[in-house]
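This is structure-v2.txt (compact mmCIF, C-alpha atoms).
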# COMPACT_ATOMS: atom_id res chain seq x y z
CA MET A 1 -69.79 -49.37 14.65
CA ALA A 2 -68.07 -51.76 17.03
CA GLN A 3 -64.28 -51.92 16.88
CA ILE A 4 -62.44 -55.21 17.33
CA ASP A 5 -58.77 -54.92 18.22
CA TYR A 6 -57.21 -58.14 16.98
CA PHE A 7 -53.90 -59.12 18.56
CA PHE A 8 -52.17 -62.04 16.86
CA SER A 9 -48.92 -63.61 15.75
CA VAL A 10 -48.16 -64.35 12.10
CA PHE A 11 -46.80 -67.75 13.15
CA SER A 12 -49.41 -68.80 15.69
CA PRO A 13 -51.07 -72.11 14.75
CA TRP A 14 -54.20 -71.09 16.61
CA THR A 15 -54.35 -67.85 14.62
CA TYR A 16 -54.11 -69.94 11.44
CA LEU A 17 -57.01 -72.10 12.62
CA ALA A 18 -59.18 -69.00 13.07
CA GLY A 19 -59.32 -68.82 9.28
CA ASP A 20 -61.65 -66.08 8.08
CA ARG A 21 -64.20 -66.45 10.87
CA LEU A 22 -63.31 -63.12 12.49
CA GLU A 23 -63.82 -61.30 9.22
CA ARG A 24 -67.16 -63.02 8.64
CA ILE A 25 -68.33 -62.21 12.17
CA ALA A 26 -67.28 -58.57 11.80
CA ALA A 27 -69.13 -58.29 8.48
CA LYS A 28 -72.26 -59.82 10.03
CA HIS A 29 -72.34 -57.20 12.78
CA GLY A 30 -70.96 -54.23 10.82
CA ALA A 31 -67.86 -54.15 13.04
CA ALA A 32 -64.39 -52.90 12.08
CA ILE A 33 -61.18 -54.83 12.68
CA SER A 34 -57.87 -53.29 13.68
CA TYR A 35 -55.08 -55.81 13.03
CA ARG A 36 -52.35 -55.74 15.70
CA PRO A 37 -49.57 -58.23 14.94
CA LEU A 38 -47.18 -58.62 17.86
CA ASP A 39 -44.20 -60.55 19.19
CA VAL A 40 -46.05 -63.37 20.92
CA LEU A 41 -42.89 -64.90 22.43
CA ALA A 42 -42.07 -61.59 24.13
CA LEU A 43 -45.72 -61.41 25.20
CA PHE A 44 -45.38 -64.79 26.93
CA ASP A 45 -42.26 -63.53 28.70
CA ARG A 46 -44.10 -60.42 29.90
CA THR A 47 -47.34 -62.09 31.02
CA GLY A 48 -46.34 -65.36 32.68
CA GLY A 49 -46.52 -67.64 29.67
CA VAL A 50 -43.98 -70.24 28.58
CA ARG A 51 -42.39 -70.27 25.15
CA PRO A 52 -43.11 -73.50 23.24
CA ALA A 53 -39.41 -74.42 23.20
CA ALA A 54 -39.38 -74.40 27.01
CA ARG A 55 -42.57 -76.40 27.53
CA HIS A 56 -42.52 -79.97 28.78
CA PRO A 57 -42.53 -82.55 25.95
CA SER A 58 -45.87 -83.95 27.13
CA ARG A 59 -47.48 -80.54 26.67
CA MET A 60 -46.06 -80.19 23.18
CA ALA A 61 -47.13 -83.70 22.20
CA TYR A 62 -50.66 -82.91 23.33
CA ARG A 63 -50.54 -79.58 21.52
CA ASN A 64 -49.72 -81.32 18.24
CA GLN A 65 -52.58 -83.77 18.70
CA GLU A 66 -54.96 -80.95 19.50
CA LEU A 67 -53.86 -78.92 16.47
CA ALA A 68 -54.50 -81.90 14.20
CA ARG A 69 -57.92 -82.46 15.79
CA TRP A 70 -58.91 -78.84 15.34
CA ALA A 71 -57.71 -78.77 11.75
CA GLN A 72 -59.79 -81.85 10.98
CA HIS A 73 -62.80 -80.42 12.84
CA LEU A 74 -62.59 -77.18 10.85
CA GLY A 75 -61.83 -78.89 7.54
CA MET A 76 -58.50 -77.06 7.18
CA GLU A 77 -55.22 -78.36 5.80
CA MET A 78 -52.40 -78.21 8.31
CA ASN A 79 -48.86 -79.47 8.75
CA VAL A 80 -48.45 -79.34 12.53
CA LYS A 81 -44.64 -79.53 12.34
CA PRO A 82 -43.37 -76.94 9.83
CA THR A 83 -39.69 -77.14 8.95
CA ILE A 84 -38.83 -73.66 10.26
CA TYR A 85 -40.54 -72.97 13.57
CA PRO A 86 -40.66 -70.48 15.02
CA PRO A 87 -39.80 -68.32 12.02
CA ASN A 88 -38.80 -64.67 12.22
CA ALA A 89 -42.18 -63.02 12.70
CA ALA A 90 -41.01 -59.42 12.35
CA PRO A 91 -40.93 -59.07 8.52
CA GLY A 92 -44.41 -60.54 8.08
CA SER A 93 -45.77 -58.42 10.91
CA TYR A 94 -44.27 -55.28 9.39
CA ALA A 95 -45.86 -56.20 6.03
CA VAL A 96 -49.29 -56.54 7.63
CA ILE A 97 -48.90 -53.21 9.44
CA ALA A 98 -47.82 -51.45 6.24
CA ALA A 99 -50.64 -53.07 4.25
CA GLN A 100 -53.22 -51.97 6.81
CA ALA A 101 -51.94 -48.41 6.58
CA GLU A 102 -52.21 -48.50 2.79
CA ALA A 103 -55.72 -49.94 2.94
CA ALA A 104 -56.75 -47.16 5.33
CA LYS A 105 -55.67 -44.64 2.69
CA GLY A 106 -57.92 -46.32 0.15
CA GLY A 107 -55.08 -48.18 -1.52
CA GLY A 108 -57.00 -51.41 -1.92
CA GLY A 109 -55.96 -54.88 -0.90
CA ASP A 110 -57.41 -57.20 1.73
CA VAL A 111 -55.60 -57.15 5.07
CA GLY A 112 -57.40 -60.17 6.46
CA ALA A 113 -56.57 -62.16 3.35
CA LEU A 114 -52.91 -61.15 3.71
CA VAL A 115 -52.79 -62.38 7.31
CA ARG A 116 -54.34 -65.69 6.25
CA ALA A 117 -51.97 -66.02 3.28
CA ILE A 118 -48.90 -65.58 5.48
CA LEU A 119 -50.21 -68.11 8.00
CA ARG A 120 -51.07 -70.56 5.24
CA ALA A 121 -47.58 -70.21 3.79
CA LEU A 122 -46.22 -71.52 7.10
CA TRP A 123 -48.81 -74.07 8.17
CA VAL A 124 -49.75 -75.53 4.78
CA GLU A 125 -47.04 -74.63 2.27
CA ASP A 126 -44.18 -75.15 4.78
CA ARG A 127 -42.39 -72.00 3.67
CA ASN A 128 -40.17 -69.60 5.58
CA ILE A 129 -42.38 -66.57 6.24
CA GLY A 130 -39.36 -64.60 7.38
CA GLU A 131 -38.17 -64.37 3.76
CA ASP A 132 -38.92 -61.27 1.69
CA GLU A 133 -39.64 -63.36 -1.40
CA VAL A 134 -42.50 -65.17 0.33
CA LEU A 135 -43.94 -61.94 1.72
CA ARG A 136 -43.75 -60.15 -1.65
CA GLU A 137 -45.68 -63.00 -3.20
CA LYS A 138 -48.38 -62.89 -0.51
CA LEU A 139 -48.70 -59.10 -0.70
CA ALA A 140 -49.22 -59.28 -4.45
CA GLU A 141 -51.72 -62.13 -4.12
CA THR A 142 -53.88 -60.09 -1.76
CA GLY A 143 -53.87 -56.84 -3.72
CA PHE A 144 -50.97 -54.94 -2.19
CA ASP A 145 -47.74 -53.51 -3.56
CA PRO A 146 -45.07 -56.16 -2.90
CA ASN A 147 -42.57 -53.37 -2.26
CA LEU A 148 -44.26 -52.79 1.11
CA VAL A 149 -41.81 -55.42 2.35
CA THR A 150 -39.13 -52.74 2.24
CA THR A 151 -40.98 -49.42 2.19
CA GLY A 152 -42.98 -50.33 5.29
CA LEU A 153 -40.04 -51.39 7.42
CA PHE A 154 -39.64 -48.31 9.62
CA THR A 155 -43.34 -47.72 10.25
CA GLY A 156 -43.90 -51.42 10.76
CA ALA A 157 -41.11 -51.81 13.29
CA MET A 158 -42.37 -48.94 15.42
CA ALA A 159 -45.97 -50.15 15.36
CA TYR A 160 -44.87 -53.72 16.13
CA GLU A 161 -43.26 -52.55 19.37
CA ARG A 162 -46.29 -50.42 20.25
CA ASN A 163 -48.61 -53.37 19.68
CA LEU A 164 -46.74 -55.43 22.25
CA GLU A 165 -46.85 -52.67 24.85
CA GLU A 166 -50.54 -52.03 24.21
CA ALA A 167 -51.29 -55.74 24.44
CA VAL A 168 -49.61 -56.03 27.84
CA ASP A 169 -51.40 -52.91 29.09
CA ARG A 170 -54.81 -54.20 27.94
CA GLY A 171 -54.61 -57.68 29.40
CA VAL A 172 -53.58 -59.69 26.36
CA PHE A 173 -51.55 -62.82 27.14
CA GLY A 174 -51.84 -65.09 24.09
CA ALA A 175 -52.82 -65.24 20.45
CA PRO A 176 -55.21 -64.88 18.82
CA PHE A 177 -56.80 -62.40 21.19
CA TYR A 178 -59.81 -60.21 20.42
CA ILE A 179 -60.94 -57.13 22.36
CA VAL A 180 -64.16 -55.25 21.67
CA ARG A 181 -63.02 -51.71 22.26
CA GLU A 182 -66.38 -50.28 23.36
CA THR A 183 -66.98 -52.84 26.12
CA ASP A 184 -63.45 -54.12 26.90
CA GLN A 185 -64.78 -57.66 26.52
CA ARG A 186 -61.81 -59.94 25.82
CA PHE A 187 -61.78 -63.23 23.96
CA TRP A 188 -58.69 -65.48 23.87
CA GLY A 189 -58.37 -68.16 21.23
CA GLN A 190 -59.99 -69.15 17.99
CA ASP A 191 -62.34 -71.37 19.99
CA ARG A 192 -63.90 -68.26 21.57
CA LEU A 193 -65.04 -66.70 18.31
CA ASP A 194 -68.62 -67.90 18.87
CA PHE A 195 -68.64 -65.96 22.13
CA LEU A 196 -67.35 -62.86 20.31
CA ASP A 197 -70.12 -63.30 17.75
CA ALA A 198 -72.76 -63.53 20.48
CA HIS A 199 -71.39 -60.49 22.30
CA LEU A 200 -71.42 -58.32 19.20
CA GLY A 201 -75.06 -59.31 18.74
CA THR A 202 -75.89 -57.58 22.06
CA LEU A 203 -74.44 -54.20 21.09
Reformat the file's structure so that it appears as structure tokens.
Amino acid sequence: MAQIDYFFSVFSPWTYLAGDRLERIAAKHGAAISYRPLDVLALFDRTGGVRPAARHPSRMAYRNQELARWAQHLGMEMNVKPTIYPPNAAPGSYAVIAAQAEAAKGGGGDVGALVRAILRALWVEDRNIGEDEVLREKLAETGFDPNLVTTGLFTGAMAYERNLEEAVDRGVFGAPFYIVRETDQRFWGQDRLDFLDAHLGTL
């Protein structure tokens, strides 16, 4: 079984636009997904990227046009200028990490659906995904104990830091970023998912 290590940010618009395509591709090829939420702003700092707030206005204007084009192309709702951006990504990331640990123990719930629900809360519902109330709601909606918001804090915080270090060590520089563990083939961006699909078909 192929293993896909999925590095992403819970507030990345490009991660939102990936929708459920990764999960569908993994199911098609019988691959497993390991969800690795990380601090994408710190990742930019470590790997030569530029935080959105520091980018030239022309780049940001183009980015907003491109996001709207992609959303239309994919048939996805999207508000390209949420009220709170960037939000505090740590609580949502911790929740995903805790939920994945529970799912691995057979606790039920859908980790991929949780990731998508958090992203949708930001990019469609225009909500503050740094708030516990929002995260509790999304955990419950996707089959998890909403109390993971608090009970998963310590484990989540440690794993969140490890994910960043691992990402830097393995050549990750943006989000979403997919690595097939067995071949070290790397795919950056939701627009590279077709290439990931094709690669898994060769294994």
Expressed in Å to a single decimal, how great is the separation between CA of Gly174 in chain A and CA of Phe8 in chain A?
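Taking CA of Gly174 in chain A and CA of Phe8 in chain A, their separation equals 7.9 Å.
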Atom-to-atom span, CA of Met76 in chain A and CA of Glu102 in chain A, Å:
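Result for CA of Met76 in chain A versus CA of Glu102 in chain A: 29.6 Å, one decimal.
Near Thr142 in chain A, within a cut-off of 6 Å and counting only C-alpha atoms, sit the residues A:Gly109, A:Asp110, A:Leu114, with same-chain residues fewer than 6 positions away left out.
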Which residues are close to Val50 in chain A, i.e. within 12 Å by all atoms listed in the file, leaving aside same-chain residues fewer than 6 positions away? Reply as a ChimeraX atom specification.
/A:40-44,56,59-60,173-174
Of A:Arg46, A:Arg24, A:His73, A:Arg181, the one sitting nearest Asp169 in chain A when using all atoms listed in the file is A:Arg46
Between CA of Lys81 in chain A and CA of Val96 in chain A, distance in Å (one decimal)
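Between CA of Lys81 in chain A and CA of Val96 in chain A the gap works out to 23.9 Å.
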Using only C-alpha atoms, which residues sit within 7 Å of range 158-161 of chain A once same-chain residues fewer than 5 positions away are excluded, as JSON, numbers by chain?
{"A": [37, 38, 94]}
